[in-house]
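Chemist: Here you go, this is upload-v6.cif (mmCIF, C-alpha atoms and all ligand atoms).
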```cif
data_data
#
loop_
_atom_site.label_atom_id
_atom_site.label_comp_id
_atom_site.auth_asym_id
_atom_site.auth_seq_id
_atom_site.Cartn_x
_atom_site.Cartn_y
_atom_site.Cartn_z
CA MET A 1 0.00 0.00 0.00
CA LYS A 2 1.29 3.46 -0.90
CA ILE A 3 1.19 5.67 2.18
CA ALA A 4 1.52 9.46 2.36
CA PHE A 5 2.05 11.49 5.52
CA ILE A 6 1.09 15.14 5.88
CA GLY A 7 3.55 16.42 8.49
CA GLY A 8 6.83 14.66 9.21
CA GLY A 9 7.38 15.46 12.90
CA ASN A 10 7.83 13.23 15.92
CA MET A 11 4.73 11.06 15.60
CA ALA A 12 5.03 10.65 11.83
CA ARG A 13 8.69 9.64 12.26
CA ALA A 14 7.72 7.08 14.90
CA ILE A 15 5.07 5.49 12.65
CA ILE A 16 7.33 5.57 9.58
CA GLY A 17 10.12 3.91 11.61
CA GLY A 18 7.69 1.19 12.69
CA LEU A 19 6.36 0.60 9.17
CA VAL A 20 9.84 0.35 7.65
CA ALA A 21 11.03 -1.95 10.46
CA LYS A 22 8.01 -4.20 9.81
CA GLY A 23 8.77 -4.48 6.09
CA THR A 24 6.90 -1.67 4.30
CA PRO A 25 9.27 -0.66 1.47
CA ALA A 26 10.55 2.91 2.02
CA MET A 27 9.75 3.64 -1.64
CA ASP A 28 6.04 3.17 -0.84
CA ILE A 29 6.11 5.98 1.73
CA GLY A 30 6.00 9.70 0.93
CA VAL A 31 5.91 12.63 3.34
CA VAL A 32 4.75 16.18 2.77
CA GLU A 33 6.71 18.30 5.23
CA VAL A 34 7.13 22.08 5.14
CA ASP A 35 10.47 22.20 6.98
CA PRO A 36 13.43 21.55 4.58
CA ALA A 37 15.72 20.27 7.38
CA ALA A 38 13.04 17.81 8.53
CA ARG A 39 12.65 16.60 4.92
CA LEU A 40 16.39 15.87 4.71
CA ARG A 41 16.27 13.95 8.00
CA LEU A 42 13.32 11.85 6.83
CA MET A 43 15.09 10.91 3.60
CA ALA A 44 18.39 10.16 5.36
CA ASP A 45 16.93 8.22 8.30
CA PHE A 46 14.29 6.12 6.53
CA GLY A 47 14.97 6.36 2.79
CA VAL A 48 11.43 7.66 2.19
CA SER A 49 10.55 10.43 -0.29
CA ALA A 50 9.82 13.85 1.18
CA PHE A 51 8.06 16.70 -0.58
CA GLU A 52 7.51 20.37 0.05
CA SER A 53 3.89 20.32 -1.04
CA ALA A 54 1.02 17.93 -1.70
CA LYS A 55 0.89 19.00 -5.32
CA GLY A 56 2.15 16.19 -7.55
CA SER A 57 3.14 13.96 -4.62
CA MET A 58 -0.06 12.44 -3.25
CA GLN A 59 -2.29 11.33 -6.09
CA ASN A 60 -1.14 7.67 -5.84
CA ALA A 61 -1.56 7.48 -2.06
CA GLU A 62 -3.90 4.69 -0.94
CA ALA A 63 -3.67 5.85 2.67
CA VAL A 64 -2.90 9.31 4.04
CA VAL A 65 -1.86 10.00 7.63
CA LEU A 66 -2.52 13.52 8.88
CA ALA A 67 0.26 14.14 11.43
CA VAL A 68 0.44 17.89 11.93
CA LYS A 69 -0.40 19.81 15.11
CA PRO A 70 -4.16 20.12 15.71
CA GLN A 71 -4.06 23.87 15.03
CA GLN A 72 -2.48 23.17 11.61
CA ALA A 73 -4.92 20.36 10.71
CA ARG A 74 -7.55 22.39 8.87
CA GLU A 75 -5.11 24.24 6.64
CA ALA A 76 -2.97 21.16 5.93
CA THR A 77 -6.04 19.05 5.06
CA ALA A 78 -7.71 21.67 2.88
CA THR A 79 -4.43 22.33 1.04
CA ALA A 80 -3.91 18.63 0.28
CA ALA A 81 -7.57 17.91 -0.61
CA PRO A 82 -7.44 18.84 -4.33
CA PHE A 83 -4.54 16.40 -4.86
CA LEU A 84 -6.09 13.34 -3.20
CA ASP A 85 -7.94 10.53 -4.98
CA ASP A 86 -10.26 9.53 -2.10
CA PRO A 87 -7.66 7.59 -0.06
CA LEU A 88 -8.17 6.07 3.40
CA PHE A 89 -7.51 9.20 5.52
CA ILE A 90 -6.22 8.67 9.07
CA SER A 91 -5.90 11.66 11.38
CA ILE A 92 -3.71 11.49 14.48
CA ALA A 93 -4.28 15.18 15.27
CA ALA A 94 -5.52 15.32 18.87
CA GLY A 95 -9.08 16.52 19.31
CA VAL A 96 -9.87 17.10 15.62
CA ARG A 97 -13.29 15.55 14.89
CA LEU A 98 -14.01 13.47 11.83
CA GLN A 99 -17.02 15.50 10.70
CA ASN A 100 -14.69 18.49 10.35
CA ILE A 101 -12.08 16.50 8.44
CA SER A 102 -14.82 15.18 6.15
CA ARG A 103 -15.93 18.77 5.50
CA TRP A 104 -12.38 20.00 4.84
CA LEU A 105 -11.95 17.12 2.35
CA GLY A 106 -15.15 18.01 0.54
CA GLY A 107 -17.32 15.22 1.98
CA ALA A 108 -14.84 12.28 2.17
CA ARG A 109 -16.03 9.27 4.21
CA ARG A 110 -13.04 6.87 4.29
CA LEU A 111 -11.88 8.37 7.59
CA VAL A 112 -10.27 7.12 10.79
CA ARG A 113 -9.35 9.14 13.86
CA ALA A 114 -6.44 7.76 15.86
CA MET A 115 -4.96 8.68 19.21
CA PRO A 116 -1.46 7.21 19.62
CA ASN A 117 0.97 8.01 22.44
CA THR A 118 4.66 8.86 22.64
CA PRO A 119 5.94 5.35 23.52
CA ALA A 120 5.18 4.80 19.81
CA LEU A 121 8.66 6.33 19.42
CA VAL A 122 10.09 3.08 20.85
CA HIS A 123 7.43 0.87 19.23
CA ALA A 124 5.62 0.37 22.54
CA GLY A 125 2.69 2.69 21.98
CA VAL A 126 -1.02 2.10 22.35
CA THR A 127 -3.45 3.71 19.91
CA GLY A 128 -7.18 4.28 20.23
CA LEU A 129 -8.98 4.20 16.86
CA HIS A 130 -12.41 5.37 15.73
CA ALA A 131 -13.86 4.69 12.28
CA TYR A 132 -16.18 7.10 10.47
CA GLU A 133 -19.65 5.70 9.91
CA GLY A 134 -19.76 3.10 7.13
CA LEU A 135 -16.00 2.46 6.89
CA SER A 136 -15.25 -0.86 5.16
CA LEU A 137 -13.65 -3.78 6.94
CA ALA A 138 -10.66 -3.58 4.58
CA ASP A 139 -10.07 0.07 5.54
CA ARG A 140 -10.38 -0.80 9.23
CA LYS A 141 -7.78 -3.54 8.81
CA ALA A 142 -5.46 -1.19 6.90
CA ALA A 143 -5.68 1.49 9.62
CA GLU A 144 -5.09 -1.13 12.30
CA ALA A 145 -2.00 -2.47 10.50
CA LEU A 146 -0.63 1.04 10.01
CA LEU A 147 -0.88 2.14 13.64
CA GLY A 148 -0.13 -1.42 14.78
CA ALA A 149 3.41 -0.90 13.45
CA VAL A 150 4.18 1.09 16.63
CA GLY A 151 2.25 -0.81 19.28
CA ALA A 152 -1.14 -2.10 20.36
CA THR A 153 -4.41 -0.85 18.82
CA LEU A 154 -7.96 -0.69 20.18
CA TRP A 155 -11.18 0.37 18.41
CA PHE A 156 -13.81 2.61 19.99
CA GLU A 157 -17.31 2.78 18.51
CA ARG A 158 -18.07 6.28 19.88
CA GLU A 159 -15.84 9.13 18.72
CA GLY A 160 -16.37 10.84 22.08
CA ASP A 161 -14.51 7.97 23.76
CA LEU A 162 -11.31 9.24 22.16
CA ASP A 163 -11.37 12.11 24.70
CA ALA A 164 -11.11 9.48 27.43
CA VAL A 165 -8.37 7.69 25.46
CA THR A 166 -6.51 11.01 25.21
CA ALA A 167 -6.80 11.47 28.98
CA VAL A 168 -5.77 7.90 29.82
CA SER A 169 -3.08 6.77 27.36
CA GLY A 170 -2.37 9.95 25.36
CA SER A 171 -1.48 11.99 28.44
CA GLY A 172 -0.72 8.82 30.41
CA PRO A 173 3.04 8.64 29.83
CA ALA A 174 3.32 11.97 31.69
CA TYR A 175 1.55 10.50 34.73
CA VAL A 176 3.94 7.55 34.67
CA PHE A 177 6.96 9.88 34.42
CA TYR A 178 5.54 11.84 37.37
CA ALA A 179 5.30 8.64 39.43
CA ILE A 180 8.82 7.62 38.39
CA GLU A 181 10.07 11.07 39.44
CA ALA A 182 8.38 10.66 42.83
CA LEU A 183 9.86 7.20 43.42
CA GLN A 184 13.30 8.44 42.37
CA THR A 185 13.07 11.46 44.66
CA ALA A 186 12.00 9.22 47.53
CA ALA A 187 15.03 6.99 46.93
CA GLN A 188 17.36 10.00 47.00
CA ARG A 189 15.75 11.36 50.19
CA LEU A 190 16.47 7.97 51.74
CA GLY A 191 20.16 8.52 50.97
CA LEU A 192 20.66 6.63 47.69
CA ASP A 193 22.64 8.33 44.95
CA GLU A 194 20.90 9.76 41.86
CA GLY A 195 21.98 7.07 39.40
CA ALA A 196 20.97 4.20 41.64
CA SER A 197 17.69 5.93 42.46
CA ARG A 198 16.80 6.32 38.79
CA THR A 199 17.74 2.73 37.92
CA LEU A 200 15.66 1.36 40.81
CA ALA A 201 12.65 3.53 39.91
CA LEU A 202 12.76 2.81 36.17
CA TRP A 203 13.20 -0.94 36.43
CA THR A 204 10.52 -1.17 39.07
CA PHE A 205 8.03 0.31 36.59
CA VAL A 206 9.27 -1.84 33.70
CA GLY A 207 9.28 -5.02 35.81
CA ALA A 208 5.91 -4.48 37.46
CA THR A 209 4.26 -3.70 34.11
CA LYS A 210 5.86 -6.72 32.43
CA LEU A 211 4.72 -8.93 35.30
CA ALA A 212 1.15 -7.60 35.06
CA ILE A 213 1.06 -8.14 31.28
CA GLU A 214 2.59 -11.62 31.36
CA ARG A 215 0.56 -12.91 34.32
CA GLY A 216 -2.62 -11.30 33.00
CA GLU A 217 -3.90 -10.89 36.57
CA GLU A 218 -5.72 -7.90 37.99
CA PRO A 219 -3.24 -5.29 39.31
CA ALA A 220 -5.14 -5.38 42.63
CA VAL A 221 -4.38 -9.12 42.93
CA LEU A 222 -0.70 -8.59 42.15
CA ARG A 223 -0.59 -5.76 44.67
CA ALA A 224 -2.12 -7.95 47.35
CA GLN A 225 0.48 -10.62 46.61
CA VAL A 226 3.34 -8.26 47.52
CA THR A 227 1.57 -6.71 50.51
CA SER A 228 2.13 -8.92 53.53
CA ARG A 229 0.29 -8.10 56.72
CA GLY A 230 2.33 -5.87 58.97
CA GLY A 231 5.05 -5.44 56.35
CA THR A 232 6.76 -2.54 54.62
CA THR A 233 4.53 -2.35 51.51
CA GLU A 234 1.40 -2.29 53.67
CA ARG A 235 2.78 0.66 55.63
CA ALA A 236 3.45 2.64 52.42
CA LEU A 237 0.04 1.85 50.92
CA GLN A 238 -1.68 2.95 54.14
CA VAL A 239 -0.05 6.37 53.71
CA LEU A 240 -1.24 6.60 50.08
CA GLU A 241 -4.78 5.48 50.94
CA ALA A 242 -5.06 7.88 53.91
CA ALA A 243 -4.13 10.77 51.61
CA GLY A 244 -6.72 9.69 48.99
CA VAL A 245 -4.09 9.41 46.26
CA LYS A 246 -6.13 6.97 44.13
CA GLU A 247 -9.20 9.25 44.08
CA LEU A 248 -7.00 12.26 43.28
CA PHE A 249 -5.51 10.35 40.39
CA ILE A 250 -8.98 9.55 39.05
CA ASP A 251 -9.95 13.24 39.36
CA ALA A 252 -6.80 14.24 37.44
CA VAL A 253 -7.61 11.92 34.53
CA ARG A 254 -11.22 13.20 34.50
CA ALA A 255 -9.87 16.78 34.25
CA ALA A 256 -7.70 15.79 31.27
CA CYS A 257 -10.74 14.25 29.55
CA GLU A 258 -12.73 17.44 30.08
CA ARG A 259 -9.86 19.49 28.60
CA SER A 260 -9.73 17.21 25.56
CA ARG A 261 -13.48 17.83 24.98
CA GLU A 262 -12.97 21.60 25.29
CA LEU A 263 -10.10 21.54 22.78
CA GLY A 264 -12.19 19.46 20.35
CA GLU A 265 -15.01 22.02 20.55
CA ALA A 266 -12.61 24.91 19.97
CA LEU A 267 -10.94 23.23 16.96
CA GLY A 268 -14.32 22.52 15.37
CA LYS A 269 -15.24 26.21 15.49
CA GLU A 270 -12.26 27.31 13.41
N1 LIG A 301 3.06 13.56 20.83
C1 LIG A 301 2.06 12.83 21.28
O1 LIG A 301 2.06 12.24 22.36
C2 LIG A 301 0.85 12.65 20.46
C3 LIG A 301 -0.03 11.65 20.78
C4 LIG A 301 -1.15 11.48 19.99
C5 LIG A 301 -1.37 12.33 18.93
N2 LIG A 301 -0.48 13.30 18.65
C6 LIG A 301 -0.76 14.17 17.55
O2 LIG A 301 0.15 13.97 16.55
C7 LIG A 301 0.20 15.15 15.77
C8 LIG A 301 1.65 15.42 15.41
O3 LIG A 301 2.39 15.65 16.60
P1 LIG A 301 3.97 15.78 16.54
O4 LIG A 301 4.43 15.79 17.94
O5 LIG A 301 4.51 14.78 15.59
O6 LIG A 301 4.07 17.26 15.90
P2 LIG A 301 5.32 17.94 15.19
O7 LIG A 301 6.60 17.32 15.63
O8 LIG A 301 5.13 19.42 15.32
O9 LIG A 301 5.14 17.53 13.65
C9 LIG A 301 4.32 18.18 12.74
C10 LIG A 301 5.18 18.55 11.50
O10 LIG A 301 4.32 18.93 10.43
C11 LIG A 301 4.82 20.10 9.82
N3 LIG A 301 3.73 20.82 9.16
C12 LIG A 301 2.95 21.80 9.63
N4 LIG A 301 2.02 22.19 8.73
C13 LIG A 301 2.22 21.42 7.63
C14 LIG A 301 1.58 21.34 6.36
N5 LIG A 301 0.55 22.13 6.03
N6 LIG A 301 2.03 20.42 5.49
C15 LIG A 301 3.06 19.63 5.79
N7 LIG A 301 3.73 19.68 6.99
C16 LIG A 301 3.30 20.55 7.90
C17 LIG A 301 5.42 20.84 10.97
O11 LIG A 301 6.32 21.83 10.52
P3 LIG A 301 6.52 23.18 11.42
O12 LIG A 301 7.11 22.72 12.71
O13 LIG A 301 7.43 24.00 10.59
O14 LIG A 301 5.15 23.77 11.62
C18 LIG A 301 6.13 19.73 11.75
O15 LIG A 301 7.37 19.43 11.23
C19 LIG A 301 -0.45 16.26 16.59
O16 LIG A 301 -1.69 16.62 16.02
C20 LIG A 301 -0.67 15.63 17.93
O17 LIG A 301 -1.90 16.06 18.50
C21 LIG A 301 0.64 13.46 19.37
#
```
Once you've parsed the file, please lay out its structure as structure tokens.
Modeler:
Amino acid sequence: MKIAFIGGGNMARAIIGGLVAKGTPAMDIGVVEVDPAARLRLMADFGVSAFESAKGSMQNAEAVVLAVKPQQAREATATAAPFLDDPLFISIAAGVRLQNISRWLGGARRLVRAMPNTPALVHAGVTGLHAYEGLSLADRKAAEALLGAVGATLWFEREGDLDAVTAVSGSGPAYVFYAIEALQTAAQRLGLDEGASRTLALWTFVGATKLAIERGEEPAVLRAQVTSRGGTTERALQVLEAAGVKELFIDAVRAACERSRELGEALGKE
């Protein structure tokens, strides 16, 4: 499948890296990118073609990935529209709703909205997908394979659920980094040096997550297994529970979801 990207920044580079690593020939990938230095990097790093404009570069594309900043989405889509031959159009622009993209493309319907996250950069992302009404099974499979090149994929029937996906996994890496920071700081306050503190914190997150994935058990069960009565873990968890940390965390994710809805509304008005 011939794939064109509009925007060749961080997320596009991550997906292109994943596609090439999984066997998509670089010659089947083209990128429209306004920044000349970014175009050179794309060609050098992945061997893909990079173009200054959509004109003359996108008419053979069977799938197009819109990977510009949300504020640039309307202009980038409308500028490319005259040069597209009704491809499968996948937008990864946060908050931008499919009915707007359809309008900017003059009524196109082969549309998918995707919400990846930054671990896609190391091929360990998770992407929420939503298909526009009536999308064919073949197009769904193609979108899934494309985003699947950089991690796990999950479909959501309601477009509004992508605001929750944004709040959970889109913003989620930041919450994990925040927790890693806290564990590292705690280690240092207990007298461990910075390097050791970081290694302990990072590998604790990697190891616990790997264990949860491989065992497939509820995190609450795994937590109970390491929490012996009267022990050290129990003492720490009592402090967290007394301070209501879990409820605060839930409130924080709810606030992110609300912000995602607000941004979606604002982008639709432009
Ligand atoms: N990072 C994340 O965690 C994450 C997660 C999910 C979704 N997303 C979404 O992914 C999208 C891309 O994010 P990113 O971090 O990859 O952004 P980025 O690094 O800024 O990449 C966008 C690139 O597109 C270029 N560009 C702008 N307008 C263009 C146009 N009309 N035609 C062609 N190229 C154009 C930009 O050039 P200039 O810099 O010169 O403008 C920039 O190089 C965003 O909409 C974001 O919401 C990101």
Chemist: Could you tell me, counting all atoms listed in the file, which protein and nucleic acid residues lie no more than 7 Å from ligand LIG 301 (chain A), written as a PyMOL selection string?
Modeler: chain A and resi 6-12+32-35+38+53+67-70+72+75-76+92-94+115-118+170
Chemist: Between A:Met43, A:Leu84, A:Ala212, A:Val176, which one has atoms that come closest to A:Gln225, using only C-alpha atoms?
Modeler: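 Comparing A:Met43, A:Leu84, A:Ala212, A:Val176 against A:Gln225, the winner is A:Ala212.
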Chemist: Closest to A:Ala255 among A:Leu42, A:Ile15, A:Val168, A:Val112, using all atoms listed in the file?
Modeler: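 Checking each candidate against A:Ala255, we get A:Val168 as the closest.
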Chemist: Counting all atoms listed in the file, what is within 10 Å of stretch 158-160 of chain A, bar same-chain residues fewer than 6 positions away, as an MDAnalysis selection string?
Modeler: chainID A and resid 95 97:98 112:114 129:132 257 260:261 264
Chemist: Smallest atom-to-atom distance to A:Ala54: which of A:Gly148, A:Gly268, A:Pro82, A:Gly18, using all atoms listed in the file?
Modeler: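 The answer is A:Pro82, which sits nearest to A:Ala54.
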Chemist: How many Å separate atom CA of A:Val96 from atom CA of A:Arg109?
Modeler: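 Those two atoms sit 15.1 Å apart.
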Chemist: Find the residue from A:Arg223, A:Arg198, A:Lys246, A:Arg13 that sits nearest to A:Ala182; use all atoms listed in the file when measuring.
Modeler: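 For A:Ala182, the nearest of the candidates is A:Arg198.
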Chemist: Take atom CA of A:Gln59 and atom CA of A:Pro87 and report the distance between them in Å, one decimal.
Modeler: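 Computed distance, atom CA of A:Gln59 to atom CA of A:Pro87, equals 8.9 Å.
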Chemist: Between atom CA of A:Ser197 and atom CA of A:Ala179, what is the spacing in Å?
Modeler: 13.0 Å
Chemist: Produce the centre coordinates and the three edge lengths, each in Å to one decimal, of the box along x, y and z that contains all listed atoms of stretch 233-250 of chain A with 8 Å added on each side, as lines of an AutoDock Vina configuration file.
Modeler:
```
center_x = -2.3
center_y = 5.0
center_z = 47.3
size_x = 29.7
size_y = 30.6
size_z = 32.6
```
Chemist: Using only C-alpha atoms, pick whichever of A:Arg103, A:Glu62, A:Thr209, A:Gly56 has the shortest atom-to-atom distance to A:Phe83.
Modeler: A:Gly56
Chemist: Since the input has fewer atoms than a full residue there, write stretch 113-134 of chain A out with N, CA and C atoms, as a PDB file, keeping the file's coordinate frame.
Modeler:
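Saved the output as out_8.pdb:
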```pdb
ATOM      1  N   ARG A 113     -10.049   8.263  12.912  1.00  0.00           N
ATOM      2  CA  ARG A 113      -9.350   9.140  13.860  1.00  0.00           C
ATOM      3  C   ARG A 113      -8.559   8.242  14.804  1.00  0.00           C
ATOM      4  N   ALA A 114      -7.306   8.600  15.029  1.00  0.00           N
ATOM      5  CA  ALA A 114      -6.440   7.760  15.860  1.00  0.00           C
ATOM      6  C   ALA A 114      -5.793   8.594  16.950  1.00  0.00           C
ATOM      7  N   MET A 115      -5.656   7.995  18.121  1.00  0.00           N
ATOM      8  CA  MET A 115      -4.960   8.680  19.210  1.00  0.00           C
ATOM      9  C   MET A 115      -3.821   7.786  19.699  1.00  0.00           C
ATOM     10  N   PRO A 116      -2.617   7.992  19.148  1.00  0.00           N
ATOM     11  CA  PRO A 116      -1.460   7.210  19.620  1.00  0.00           C
ATOM     12  C   PRO A 116      -0.850   7.854  20.870  1.00  0.00           C
ATOM     13  N   ASN A 117       0.245   7.323  21.363  1.00  0.00           N
ATOM     14  CA  ASN A 117       0.970   8.010  22.440  1.00  0.00           C
ATOM     15  C   ASN A 117       2.476   7.933  22.199  1.00  0.00           C
ATOM     16  N   THR A 118       3.236   8.709  22.975  1.00  0.00           N
ATOM     17  CA  THR A 118       4.660   8.860  22.640  1.00  0.00           C
ATOM     18  C   THR A 118       5.499   7.576  22.753  1.00  0.00           C
ATOM     19  N   PRO A 119       5.139   6.576  23.572  1.00  0.00           N
ATOM     20  CA  PRO A 119       5.940   5.350  23.520  1.00  0.00           C
ATOM     21  C   PRO A 119       5.942   4.701  22.126  1.00  0.00           C
ATOM     22  N   ALA A 120       5.098   5.212  21.212  1.00  0.00           N
ATOM     23  CA  ALA A 120       5.180   4.800  19.810  1.00  0.00           C
ATOM     24  C   ALA A 120       6.605   5.018  19.284  1.00  0.00           C
ATOM     25  N   LEU A 121       7.293   6.020  19.853  1.00  0.00           N
ATOM     26  CA  LEU A 121       8.660   6.330  19.420  1.00  0.00           C
ATOM     27  C   LEU A 121       9.600   5.144  19.635  1.00  0.00           C
ATOM     28  N   VAL A 122       9.274   4.279  20.595  1.00  0.00           N
ATOM     29  CA  VAL A 122      10.090   3.080  20.850  1.00  0.00           C
ATOM     30  C   VAL A 122       9.258   1.817  20.576  1.00  0.00           C
ATOM     31  N   HIS A 123       8.274   1.989  19.682  1.00  0.00           N
ATOM     32  CA  HIS A 123       7.430   0.870  19.230  1.00  0.00           C
ATOM     33  C   HIS A 123       6.711   0.172  20.383  1.00  0.00           C
ATOM     34  N   ALA A 124       6.366   0.930  21.399  1.00  0.00           N
ATOM     35  CA  ALA A 124       5.620   0.370  22.540  1.00  0.00           C
ATOM     36  C   ALA A 124       4.432   1.273  22.854  1.00  0.00           C
ATOM     37  N   GLY A 125       3.829   1.799  21.793  1.00  0.00           N
ATOM     38  CA  GLY A 125       2.690   2.690  21.980  1.00  0.00           C
ATOM     39  C   GLY A 125       1.395   1.911  22.148  1.00  0.00           C
ATOM     40  N   VAL A 126       0.322   2.669  22.415  1.00  0.00           N
ATOM     41  CA  VAL A 126      -1.020   2.100  22.350  1.00  0.00           C
ATOM     42  C   VAL A 126      -1.882   3.177  21.700  1.00  0.00           C
ATOM     43  N   THR A 127      -2.672   2.758  20.703  1.00  0.00           N
ATOM     44  CA  THR A 127      -3.450   3.710  19.910  1.00  0.00           C
ATOM     45  C   THR A 127      -4.927   3.392  19.973  1.00  0.00           C
ATOM     46  N   GLY A 128      -5.728   4.403  20.309  1.00  0.00           N
ATOM     47  CA  GLY A 128      -7.180   4.280  20.230  1.00  0.00           C
ATOM     48  C   GLY A 128      -7.625   4.699  18.832  1.00  0.00           C
ATOM     49  N   LEU A 129      -8.529   3.921  18.223  1.00  0.00           N
ATOM     50  CA  LEU A 129      -8.980   4.200  16.860  1.00  0.00           C
ATOM     51  C   LEU A 129     -10.498   4.342  16.813  1.00  0.00           C
ATOM     52  N   HIS A 130     -10.958   5.249  15.963  1.00  0.00           N
ATOM     53  CA  HIS A 130     -12.410   5.370  15.730  1.00  0.00           C
ATOM     54  C   HIS A 130     -12.651   5.502  14.234  1.00  0.00           C
ATOM     55  N   ALA A 131     -13.562   4.681  13.714  1.00  0.00           N
ATOM     56  CA  ALA A 131     -13.860   4.690  12.280  1.00  0.00           C
ATOM     57  C   ALA A 131     -15.071   5.557  11.997  1.00  0.00           C
ATOM     58  N   TYR A 132     -15.013   6.318  10.924  1.00  0.00           N
ATOM     59  CA  TYR A 132     -16.180   7.100  10.470  1.00  0.00           C
ATOM     60  C   TYR A 132     -17.257   6.116  10.044  1.00  0.00           C
ATOM     61  N   GLU A 133     -18.496   6.542  10.222  1.00  0.00           N
ATOM     62  CA  GLU A 133     -19.650   5.700   9.910  1.00  0.00           C
ATOM     63  C   GLU A 133     -19.533   5.074   8.506  1.00  0.00           C
ATOM     64  N   GLY A 134     -19.716   3.766   8.441  1.00  0.00           N
ATOM     65  CA  GLY A 134     -19.760   3.100   7.130  1.00  0.00           C
ATOM     66  C   GLY A 134     -18.397   2.678   6.600  1.00  0.00           C
TER      67      GLY A 134
END
```
